[in-house]
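S.K.: Below you'll find protein_3.cif; it's mmCIF, C-alpha atoms.
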```cif
data_query
loop_
_atom_site.group_PDB
_atom_site.id
_atom_site.type_symbol
_atom_site.label_atom_id
_atom_site.label_comp_id
_atom_site.auth_asym_id
_atom_site.auth_seq_id
_atom_site.Cartn_x
_atom_site.Cartn_y
_atom_site.Cartn_z
ATOM 1 C CA MET A 1 -36.816 -17.887 -14.340
ATOM 2 C CA SER A 2 -37.187 -19.985 -17.502
ATOM 3 C CA ASP A 3 -36.269 -18.633 -20.928
ATOM 4 C CA ILE A 4 -39.935 -18.835 -21.904
ATOM 5 C CA ARG A 5 -41.027 -16.707 -18.941
ATOM 6 C CA ARG A 6 -38.232 -14.249 -19.637
ATOM 7 C CA ARG A 7 -39.250 -13.885 -23.281
ATOM 8 C CA GLU A 8 -42.865 -13.408 -22.219
ATOM 9 C CA PHE A 9 -41.818 -10.671 -19.820
ATOM 10 C CA ILE A 10 -39.724 -8.851 -22.421
ATOM 11 C CA THR A 11 -42.613 -9.061 -24.870
ATOM 12 C CA LEU A 12 -44.931 -7.707 -22.196
ATOM 13 C CA LEU A 13 -42.738 -4.693 -21.579
ATOM 14 C CA GLY A 14 -41.955 -4.040 -25.221
ATOM 15 C CA GLY A 15 -45.344 -4.732 -26.752
ATOM 16 C CA ALA A 16 -48.643 -5.337 -25.080
ATOM 17 C CA ALA A 17 -47.928 -3.487 -21.840
ATOM 18 C CA ALA A 18 -46.668 -0.478 -23.754
ATOM 19 C CA ALA A 19 -49.680 -0.377 -26.045
ATOM 20 C CA TRP A 20 -52.422 -1.256 -23.562
ATOM 21 C CA PRO A 21 -51.884 1.599 -21.079
ATOM 22 C CA LEU A 22 -51.820 4.101 -23.968
ATOM 23 C CA ALA A 23 -55.105 2.763 -25.282
ATOM 24 C CA ALA A 24 -56.559 2.677 -21.802
ATOM 25 C CA ARG A 25 -55.596 6.287 -21.155
ATOM 26 C CA ALA A 26 -57.315 7.307 -24.385
ATOM 27 C CA GLN A 27 -60.513 5.756 -23.029
ATOM 28 C CA GLN A 28 -59.990 6.910 -19.436
ATOM 29 C CA PRO A 29 -58.248 10.306 -19.348
ATOM 30 C CA SER A 30 -58.292 10.299 -15.560
ATOM 31 C CA MET A 31 -56.268 7.082 -15.253
ATOM 32 C CA PRO A 32 -53.120 7.902 -13.235
ATOM 33 C CA VAL A 33 -49.741 7.041 -14.725
ATOM 34 C CA ILE A 34 -46.692 5.761 -12.806
ATOM 35 C CA GLY A 35 -43.188 6.195 -14.180
ATOM 36 C CA PHE A 36 -41.066 3.104 -13.397
ATOM 37 C CA LEU A 37 -37.423 4.039 -13.955
ATOM 38 C CA ARG A 38 -34.145 2.139 -13.641
ATOM 39 C CA ASP A 39 -30.579 2.788 -14.719
ATOM 40 C CA THR A 40 -30.169 -0.922 -15.534
ATOM 41 C CA SER A 41 -31.966 -3.056 -18.114
ATOM 42 C CA LEU A 42 -35.615 -3.983 -17.765
ATOM 43 C CA ALA A 43 -35.144 -7.018 -20.003
ATOM 44 C CA ASP A 44 -33.245 -9.315 -17.638
ATOM 45 C CA ALA A 45 -34.613 -11.960 -15.288
ATOM 46 C CA TYR A 46 -33.952 -9.874 -12.178
ATOM 47 C CA ALA A 47 -36.038 -6.963 -13.510
ATOM 48 C CA ALA A 48 -38.903 -9.376 -14.130
ATOM 49 C CA TYR A 49 -38.845 -10.332 -10.456
ATOM 50 C CA VAL A 50 -38.957 -6.767 -9.150
ATOM 51 C CA VAL A 51 -41.573 -5.527 -11.643
ATOM 52 C CA THR A 52 -43.857 -8.427 -10.736
ATOM 53 C CA ALA A 53 -43.380 -7.636 -7.043
ATOM 54 C CA PHE A 54 -44.072 -3.944 -7.656
ATOM 55 C CA ARG A 55 -47.317 -4.786 -9.462
ATOM 56 C CA GLN A 56 -48.297 -7.013 -6.550
ATOM 57 C CA GLY A 57 -47.825 -4.128 -4.114
ATOM 58 C CA LEU A 58 -49.901 -1.884 -6.339
ATOM 59 C CA LYS A 59 -52.624 -4.526 -6.463
ATOM 60 C CA GLU A 60 -52.651 -4.760 -2.671
ATOM 61 C CA ALA A 61 -53.169 -0.995 -2.621
ATOM 62 C CA GLY A 62 -56.105 -1.326 -5.008
ATOM 63 C CA PHE A 63 -54.471 -0.605 -8.380
ATOM 64 C CA VAL A 64 -54.161 -2.983 -11.333
ATOM 65 C CA GLU A 65 -52.108 -2.058 -14.380
ATOM 66 C CA GLY A 66 -54.306 -1.518 -17.419
ATOM 67 C CA GLN A 67 -57.495 -1.289 -15.348
ATOM 68 C CA ASN A 68 -57.147 1.749 -13.104
ATOM 69 C CA VAL A 69 -53.470 2.656 -13.419
ATOM 70 C CA ALA A 70 -50.932 2.776 -16.256
ATOM 71 C CA ILE A 71 -47.166 2.275 -15.942
ATOM 72 C CA GLU A 72 -44.588 3.896 -18.210
ATOM 73 C CA TYR A 73 -41.367 1.834 -18.102
ATOM 74 C CA ARG A 74 -38.021 3.508 -18.720
ATOM 75 C CA SER A 75 -34.443 2.157 -18.606
ATOM 76 C CA ALA A 76 -31.100 3.902 -19.064
ATOM 77 C CA GLU A 77 -29.623 0.521 -20.144
ATOM 78 C CA ASP A 78 -26.589 0.898 -17.855
ATOM 79 C CA GLN A 79 -25.917 4.455 -19.052
ATOM 80 C CA ALA A 80 -26.671 6.575 -15.996
ATOM 81 C CA ASP A 81 -26.064 9.805 -17.886
ATOM 82 C CA ARG A 82 -29.299 9.124 -19.777
ATOM 83 C CA LEU A 83 -31.413 9.285 -16.614
ATOM 84 C CA PRO A 84 -32.053 13.057 -16.649
ATOM 85 C CA VAL A 85 -33.502 12.816 -20.168
ATOM 86 C CA LEU A 86 -35.707 9.884 -19.180
ATOM 87 C CA VAL A 87 -36.907 11.718 -16.077
ATOM 88 C CA GLY A 88 -37.661 14.784 -18.167
ATOM 89 C CA ASP A 89 -39.795 12.668 -20.484
ATOM 90 C CA LEU A 90 -41.781 11.252 -17.561
ATOM 91 C CA VAL A 91 -42.316 14.708 -16.062
ATOM 92 C CA ARG A 92 -43.588 16.033 -19.401
ATOM 93 C CA LYS A 93 -46.029 13.126 -19.511
ATOM 94 C CA GLN A 94 -47.315 14.361 -16.135
ATOM 95 C CA VAL A 95 -46.904 11.040 -14.355
ATOM 96 C CA ALA A 96 -48.507 10.887 -10.924
ATOM 97 C CA VAL A 97 -45.457 9.300 -9.256
ATOM 98 C CA ILE A 98 -41.955 8.151 -10.239
ATOM 99 C CA VAL A 99 -40.581 4.885 -8.817
ATOM 100 C CA GLY A 100 -36.902 4.038 -9.149
ATOM 101 C CA ASN A 101 -33.692 2.627 -7.724
ATOM 102 C CA THR A 102 -31.047 4.888 -6.172
ATOM 103 C CA PRO A 103 -29.557 6.528 -9.320
ATOM 104 C CA SER A 104 -33.017 6.957 -10.822
ATOM 105 C CA ALA A 105 -34.463 8.517 -7.678
ATOM 106 C CA LEU A 106 -31.538 10.926 -7.403
ATOM 107 C CA ALA A 107 -32.027 11.993 -11.031
ATOM 108 C CA ALA A 108 -35.753 12.421 -10.449
ATOM 109 C CA LYS A 109 -35.226 14.495 -7.309
ATOM 110 C CA ALA A 110 -32.833 16.785 -9.200
ATOM 111 C CA ALA A 111 -35.475 17.312 -11.875
ATOM 112 C CA THR A 112 -38.676 17.900 -9.911
ATOM 113 C CA THR A 113 -39.834 19.075 -6.491
ATOM 114 C CA THR A 114 -43.505 18.433 -7.199
ATOM 115 C CA VAL A 115 -43.861 14.926 -8.693
ATOM 116 C CA PRO A 116 -43.883 12.330 -5.864
ATOM 117 C CA ILE A 117 -40.892 9.953 -5.925
ATOM 118 C CA VAL A 118 -40.648 6.483 -4.353
ATOM 119 C CA PHE A 119 -37.166 4.934 -4.162
ATOM 120 C CA VAL A 120 -35.855 1.450 -3.408
ATOM 121 C CA THR A 121 -32.279 1.709 -2.145
ATOM 122 C CA GLY A 122 -29.589 -0.344 -0.441
ATOM 123 C CA SER A 123 -27.741 2.712 0.852
ATOM 124 C CA ASP A 124 -28.495 5.461 3.380
ATOM 125 C CA PRO A 125 -31.113 7.785 1.821
ATOM 126 C CA VAL A 126 -30.293 10.545 4.339
ATOM 127 C CA ARG A 127 -26.594 10.470 3.486
ATOM 128 C CA ASP A 128 -27.494 10.363 -0.215
ATOM 129 C CA HIS A 129 -29.662 13.470 0.296
ATOM 130 C CA LEU A 130 -32.803 11.753 -0.913
ATOM 131 C CA VAL A 131 -34.682 12.566 2.304
ATOM 132 C CA ALA A 132 -34.148 14.836 5.301
ATOM 133 C CA SER A 133 -34.754 12.005 7.785
ATOM 134 C CA LEU A 134 -36.190 8.497 7.830
ATOM 135 C CA ASN A 135 -39.171 9.346 10.029
ATOM 136 C CA ARG A 136 -39.945 12.706 8.399
ATOM 137 C CA PRO A 137 -38.711 12.568 4.800
ATOM 138 C CA GLY A 138 -39.961 16.043 3.899
ATOM 139 C CA GLY A 139 -40.296 17.167 0.281
ATOM 140 C CA ASN A 140 -41.600 14.901 -2.452
ATOM 141 C CA VAL A 141 -39.499 11.775 -1.816
ATOM 142 C CA THR A 142 -39.912 8.634 0.305
ATOM 143 C CA GLY A 143 -39.250 4.935 -0.180
ATOM 144 C CA VAL A 144 -37.911 1.610 1.050
ATOM 145 C CA VAL A 145 -34.404 0.734 2.292
ATOM 146 C CA PHE A 146 -32.923 -2.763 2.130
ATOM 147 C CA THR A 147 -29.736 -3.158 4.158
ATOM 148 C CA SER A 148 -26.640 -4.935 2.828
ATOM 149 C CA VAL A 149 -23.264 -4.081 4.353
ATOM 150 C CA ASP A 150 -23.933 -5.141 7.945
ATOM 151 C CA LEU A 151 -24.747 -8.681 6.755
ATOM 152 C CA ASN A 152 -21.309 -9.418 5.273
ATOM 153 C CA ALA A 153 -20.170 -11.430 8.305
ATOM 154 C CA LYS A 154 -23.238 -13.665 7.920
ATOM 155 C CA ARG A 155 -22.510 -14.072 4.198
ATOM 156 C CA LEU A 156 -18.904 -15.018 4.893
ATOM 157 C CA GLY A 157 -20.115 -17.636 7.362
ATOM 158 C CA LEU A 158 -22.428 -19.149 4.746
ATOM 159 C CA LEU A 159 -19.594 -19.206 2.213
ATOM 160 C CA HIS A 160 -17.305 -20.884 4.745
ATOM 161 C CA GLU A 161 -19.998 -23.492 5.368
ATOM 162 C CA LEU A 162 -20.074 -24.220 1.641
ATOM 163 C CA VAL A 163 -16.267 -24.415 1.214
ATOM 164 C CA PRO A 164 -14.909 -25.160 4.715
ATOM 165 C CA LYS A 165 -11.466 -26.195 3.450
ATOM 166 C CA ALA A 166 -10.765 -22.935 1.601
ATOM 167 C CA GLY A 167 -7.781 -21.238 3.223
ATOM 168 C CA VAL A 168 -8.290 -17.928 1.436
ATOM 169 C CA MET A 169 -11.561 -16.107 0.814
ATOM 170 C CA ALA A 170 -11.758 -13.164 -1.570
ATOM 171 C CA ALA A 171 -13.927 -10.078 -1.088
ATOM 172 C CA LEU A 172 -14.734 -7.897 -4.101
ATOM 173 C CA LEU A 173 -15.335 -4.388 -2.736
ATOM 174 C CA ASP A 174 -16.193 -1.015 -4.237
ATOM 175 C CA PRO A 175 -13.365 1.345 -3.187
ATOM 176 C CA ASN A 176 -15.677 4.337 -3.628
ATOM 177 C CA ALA A 177 -18.555 2.977 -1.550
ATOM 178 C CA PRO A 178 -19.277 5.123 1.526
ATOM 179 C CA GLU A 179 -19.363 1.948 3.646
ATOM 180 C CA ILE A 180 -15.951 0.637 2.507
ATOM 181 C CA GLU A 181 -14.240 1.144 5.891
ATOM 182 C CA ILE A 182 -17.084 -0.631 7.703
ATOM 183 C CA GLU A 183 -16.921 -3.514 5.234
ATOM 184 C CA LEU A 184 -13.159 -3.894 5.646
ATOM 185 C CA ARG A 185 -13.376 -3.865 9.429
ATOM 186 C CA ASP A 186 -16.297 -6.285 9.650
ATOM 187 C CA LEU A 187 -14.874 -8.750 7.135
ATOM 188 C CA GLU A 188 -11.427 -8.749 8.746
ATOM 189 C CA ALA A 189 -13.053 -9.551 12.095
ATOM 190 C CA ALA A 190 -15.259 -12.234 10.533
ATOM 191 C CA GLY A 191 -12.217 -13.781 8.808
ATOM 192 C CA ARG A 192 -10.322 -13.958 12.097
ATOM 193 C CA ALA A 193 -13.332 -15.582 13.763
ATOM 194 C CA ILE A 194 -13.280 -18.509 11.314
ATOM 195 C CA GLY A 195 -9.497 -18.580 10.962
ATOM 196 C CA ARG A 196 -9.429 -17.622 7.303
ATOM 197 C CA GLN A 197 -7.404 -15.069 5.349
ATOM 198 C CA ILE A 198 -9.455 -12.473 3.459
ATOM 199 C CA LEU A 199 -8.093 -11.180 0.156
ATOM 200 C CA PHE A 200 -9.558 -7.732 -0.565
ATOM 201 C CA VAL A 201 -9.828 -6.758 -4.232
ATOM 202 C CA LYS A 202 -11.178 -3.316 -5.148
ATOM 203 C CA PRO A 203 -12.022 -2.729 -8.820
ATOM 204 C CA ALA A 204 -12.516 0.959 -9.552
ATOM 205 C CA ASP A 205 -14.910 0.255 -12.419
ATOM 206 C CA GLU A 206 -16.221 -2.661 -14.463
ATOM 207 C CA ARG A 207 -13.196 -2.544 -16.779
ATOM 208 C CA ASP A 208 -11.157 -3.753 -13.787
ATOM 209 C CA PHE A 209 -13.223 -6.906 -13.247
ATOM 210 C CA ALA A 210 -11.036 -9.125 -15.444
ATOM 211 C CA ALA A 211 -7.853 -8.060 -13.623
ATOM 212 C CA ALA A 212 -9.605 -8.423 -10.252
ATOM 213 C CA PHE A 213 -10.615 -12.003 -11.011
ATOM 214 C CA GLY A 214 -7.117 -12.733 -12.289
ATOM 215 C CA THR A 215 -5.771 -11.673 -8.874
ATOM 216 C CA ILE A 216 -8.384 -13.750 -7.051
ATOM 217 C CA VAL A 217 -7.706 -16.903 -9.079
ATOM 218 C CA GLN A 218 -3.935 -16.500 -8.855
ATOM 219 C CA ALA A 219 -4.196 -16.232 -5.059
ATOM 220 C CA GLY A 220 -6.049 -19.550 -4.969
ATOM 221 C CA ALA A 221 -9.127 -18.146 -3.256
ATOM 222 C CA GLY A 222 -11.711 -20.816 -2.538
ATOM 223 C CA GLY A 223 -14.699 -18.490 -2.354
ATOM 224 C CA LEU A 224 -15.806 -14.974 -3.209
ATOM 225 C CA LEU A 225 -17.950 -12.439 -1.382
ATOM 226 C CA LEU A 226 -19.432 -9.539 -3.349
ATOM 227 C CA GLY A 227 -19.496 -6.393 -1.219
ATOM 228 C CA GLY A 228 -22.081 -3.653 -1.022
ATOM 229 C CA GLY A 229 -22.471 -0.317 -2.731
ATOM 230 C CA ALA A 230 -24.491 0.855 -5.719
ATOM 231 C CA PHE A 231 -21.675 0.196 -8.233
ATOM 232 C CA LEU A 232 -21.245 -3.511 -7.474
ATOM 233 C CA PHE A 233 -24.973 -4.028 -7.013
ATOM 234 C CA SER A 234 -25.820 -2.570 -10.411
ATOM 235 C CA ARG A 235 -23.010 -4.581 -12.069
ATOM 236 C CA ARG A 236 -23.581 -7.837 -10.174
ATOM 237 C CA ARG A 237 -24.209 -9.875 -13.336
ATOM 238 C CA GLN A 238 -20.579 -9.522 -14.465
ATOM 239 C CA PRO A 239 -19.041 -10.879 -11.215
ATOM 240 C CA ALA A 240 -21.697 -13.612 -11.121
ATOM 241 C CA THR A 241 -20.797 -14.723 -14.645
ATOM 242 C CA MET A 242 -17.040 -14.521 -14.076
ATOM 243 C CA ALA A 243 -17.227 -16.405 -10.782
ATOM 244 C CA ALA A 244 -19.176 -19.211 -12.482
ATOM 245 C CA ARG A 245 -16.670 -19.263 -15.351
ATOM 246 C CA HIS A 246 -13.833 -19.805 -12.864
ATOM 247 C CA ALA A 247 -15.902 -22.308 -10.823
ATOM 248 C CA LEU A 248 -15.532 -19.971 -7.858
ATOM 249 C CA PRO A 249 -18.320 -20.246 -5.254
ATOM 250 C CA ALA A 250 -19.666 -16.739 -4.659
ATOM 251 C CA ILE A 251 -22.210 -15.016 -2.448
ATOM 252 C CA GLY A 252 -23.676 -11.528 -2.597
ATOM 253 C CA SER A 253 -26.575 -9.478 -1.326
ATOM 254 C CA GLY A 254 -30.207 -9.867 -2.356
ATOM 255 C CA GLY A 255 -30.595 -10.230 -6.124
ATOM 256 C CA PHE A 256 -27.154 -11.782 -6.707
ATOM 257 C CA ALA A 257 -28.466 -15.342 -7.040
ATOM 258 C CA GLU A 258 -31.266 -14.187 -9.344
ATOM 259 C CA ALA A 259 -28.599 -12.530 -11.510
ATOM 260 C CA GLY A 260 -26.792 -15.868 -11.915
ATOM 261 C CA GLY A 261 -24.661 -15.870 -8.765
ATOM 262 C CA LEU A 262 -24.411 -19.003 -6.650
ATOM 263 C CA MET A 263 -25.887 -17.656 -3.402
ATOM 264 C CA SER A 264 -27.343 -14.480 -1.993
ATOM 265 C CA TYR A 265 -28.285 -13.502 1.505
ATOM 266 C CA GLY A 266 -29.914 -10.249 2.458
ATOM 267 C CA ALA A 267 -33.074 -8.246 2.476
ATOM 268 C CA SER A 268 -35.657 -9.519 0.031
ATOM 269 C CA LEU A 269 -35.617 -7.165 -2.938
ATOM 270 C CA THR A 270 -38.894 -8.495 -4.234
ATOM 271 C CA ASP A 271 -40.469 -7.658 -0.870
ATOM 272 C CA ALA A 272 -38.891 -4.186 -1.012
ATOM 273 C CA TYR A 273 -40.418 -3.543 -4.446
ATOM 274 C CA ARG A 274 -43.757 -4.919 -3.308
ATOM 275 C CA ARG A 275 -43.738 -2.384 -0.501
ATOM 276 C CA ALA A 276 -42.706 0.330 -2.968
ATOM 277 C CA GLY A 277 -45.796 -0.615 -4.983
ATOM 278 C CA ASP A 278 -47.928 -0.190 -1.895
ATOM 279 C CA TYR A 279 -46.365 3.228 -1.247
ATOM 280 C CA ALA A 280 -47.021 4.295 -4.842
ATOM 281 C CA GLY A 281 -50.638 3.176 -4.475
ATOM 282 C CA ARG A 282 -51.054 5.153 -1.273
ATOM 283 C CA ILE A 283 -49.684 8.247 -2.998
ATOM 284 C CA LEU A 284 -52.193 7.765 -5.820
ATOM 285 C CA LYS A 285 -54.884 7.798 -3.139
ATOM 286 C CA GLY A 286 -53.656 11.153 -1.847
ATOM 287 C CA ALA A 287 -50.896 10.413 0.684
ATOM 288 C CA ARG A 288 -47.999 12.892 0.763
ATOM 289 C CA PRO A 289 -44.421 11.513 0.556
ATOM 290 C CA ALA A 290 -43.321 14.102 3.146
ATOM 291 C CA ASP A 291 -45.588 12.388 5.699
ATOM 292 C CA MET A 292 -44.664 8.789 4.802
ATOM 293 C CA PRO A 293 -41.712 7.454 6.865
ATOM 294 C CA VAL A 294 -39.037 5.592 4.932
ATOM 295 C CA GLU A 295 -39.602 1.859 5.423
ATOM 296 C CA LEU A 296 -36.739 -0.404 6.478
ATOM 297 C CA ALA A 297 -36.390 -3.983 5.271
ATOM 298 C CA SER A 298 -37.726 -6.598 7.636
ATOM 299 C CA LYS A 299 -37.687 -9.729 5.468
ATOM 300 C CA PHE A 300 -34.337 -11.443 4.877
ATOM 301 C CA GLU A 301 -33.744 -14.532 2.782
ATOM 302 C CA LEU A 302 -31.123 -17.008 1.624
ATOM 303 C CA VAL A 303 -31.376 -17.832 -2.085
ATOM 304 C CA ILE A 304 -29.354 -20.600 -3.750
ATOM 305 C CA ASN A 305 -29.031 -20.932 -7.515
ATOM 306 C CA LEU A 306 -28.850 -24.664 -8.182
ATOM 307 C CA ALA A 307 -28.515 -24.118 -11.914
ATOM 308 C CA THR A 308 -25.294 -22.177 -11.287
ATOM 309 C CA ALA A 309 -24.072 -24.850 -8.854
ATOM 310 C CA LYS A 310 -24.676 -27.607 -11.420
ATOM 311 C CA GLY A 311 -22.866 -25.627 -14.095
ATOM 312 C CA MET A 312 -19.868 -25.394 -11.760
ATOM 313 C CA GLY A 313 -20.050 -29.076 -10.840
ATOM 314 C CA LEU A 314 -20.611 -28.064 -7.217
ATOM 315 C CA ASP A 315 -22.682 -30.017 -4.709
ATOM 316 C CA ILE A 316 -24.581 -27.863 -2.196
ATOM 317 C CA PRO A 317 -24.694 -29.465 1.286
ATOM 318 C CA PRO A 318 -28.226 -30.669 2.124
ATOM 319 C CA THR A 319 -28.094 -28.764 5.411
ATOM 320 C CA LEU A 320 -27.541 -25.510 3.501
ATOM 321 C CA LEU A 321 -30.266 -26.286 0.964
ATOM 322 C CA ALA A 322 -32.690 -27.003 3.782
ATOM 323 C CA ARG A 323 -32.167 -23.503 5.196
ATOM 324 C CA ALA A 324 -32.662 -21.748 1.845
ATOM 325 C CA ASP A 325 -35.761 -19.586 1.534
ATOM 326 C CA GLU A 326 -35.666 -20.048 -2.240
ATOM 327 C CA VAL A 327 -33.866 -22.466 -4.561
ATOM 328 C CA ILE A 328 -33.536 -21.480 -8.216
ATOM 329 C CA GLU A 329 -33.639 -24.591 -10.398
#
```
Go through the file and emit its structure as structure tokens.

M.R.:
Amino acid sequence: MSDIRRREFITLLGGAAAAWPLAARAQQPSMPVIGFLRDTSLADAYAAYVVTAFRQGLKEAGFVEGQNVAIEYRSAEDQADRLPVLVGDLVRKQVAVIVGNTPSALAAKAATTTVPIVFVTGSDPVRDHLVASLNRPGGNVTGVVFTSVDLNAKRLGLLHELVPKAGVMAALLDPNAPEIEIELRDLEAAGRAIGRQILFVKPADERDFAAAFGTIVQAGAGGLLLGGGAFLFSRRRQPATMAARHALPAIGSGGFAEAGGLMSYGASLTDAYRRAGDYAGRILKGARPADMPVELASKFELVINLATAKGMGLDIPPTLLARADEVIE
């Protein structure tokens, strides 16, 4: 996304979009309001992608922001402890539905059993106690799941294709992620299959990123894989920036390339948010979350950030570029 488009998006969120729905509601008291909530910033390029996709899903369901629906945007700005206050504000405004990522949806569920909630998550919503089951969510919560962890072997293969001579590959994993044992097992097996050593580095929080990258660079790793889990996903910009600074080719799940990483492979997050928009629209038409099965991702894509590659002085093989579903210039 260009700087101009990014500035336009920030202006839209901070100015016109904030004022227009308020004015519209004054003219049309019956206009439903959606609360769009995230624990991370709404002012970055990645947020622009997912908000646009969400609006597209709403449009497909028959709702256009400012015409027959209003959207109240809220962000905890990377301070998850602010989410309960933000949810409380949305509930007091009597929003018709709350849409959010995993931390936001969990905060919303803790605050209300009556306002419908639509989540977009990369983890197991049953294990996270968001829903009772995928087919019969029950309660006031449903949403869309994009998978991540079970694609790590594929990501390692793509990284190996990019840097075939690298003897050591690093994997940055969240030690507190519920899937950590699965990730370790799958990546060890994938490393053996390509004859490469995998260096596992497990930062406990973002303050450990600098030390983690020091370990990776000192070990001479030729590539980096960013593991799954909500912590690393929500902080993916820091590893993306640090990997580029060290000229270390890196791959992560969906959204990593949009956040400045070199490559991402996984479920399309924009498609997931588009489908969340459709679900929100169906709820506005009277559908009950309890009766709406959780949707599983079905669209997967390889995204390559050429701008990051150029900044690193790295040439992407034409064969890899040809397979990319999206190339960020």

S.K.: Evaluate the PyMOL selection byres ((chain A and resi 280) around 8) against this structure - the residues, as a ChimeraX atom specification, please.

M.R.: /A:58,97,99,118,276-279,281-284

S.K.: Expand the PyMOL selection byres ((chain A and resi 261) around 12) into the individual residues it matches in the shown file, reporting them as a PyMOL selection string.

M.R.: chain A and resi 46+224-226+233+235-245+247-260+262-265+303-309+311-312+328

S.K.: Could you work out how far atom CA of A:Phe54 lies from atom CA of A:Pro32, giving the answer in Å with one decimal?

M.R.: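 Separation between atom CA of A:Pro32 and atom CA of A:Phe54: 15.9 Å.
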
S.K.: Out of A:Thr319, A:Thr113, A:Ser268, A:Asn135, which residue has the shortest atom-to-atom distance to A:Pro293 when counting only C-alpha atoms?

M.R.: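 Ranking A:Thr319, A:Thr113, A:Ser268, A:Asn135 by distance to A:Pro293, first place goes to A:Asn135.
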
S.K.: Record the distance separating atom CA of A:Gln94 and atom CA of A:Val126, expressed in Å with one decimal.

M.R.: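 About the pair atom CA of A:Gln94 and atom CA of A:Val126: they are 26.9 Å apart.
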
S.K.: From the list A:Thr215, A:Gln56, A:Thr147, A:Thr142, which residue is nearest A:Ala171 when using only C-alpha atoms?

M.R.: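 Closest residue, counting only C-alpha atoms: A:Thr215.
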
S.K.: I'd like to know which of A:Gly286, A:Gly223, A:Gly138, A:Pro178 is closest to A:Gly157, using all atoms listed in the file.

M.R.: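 Closest candidate: A:Gly223.
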
S.K.: Please, what distance in Å, to one decimal, runs between atom CA of A:Pro116 and atom CA of A:Asp81?

M.R.: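 The value is 21.6 Å.
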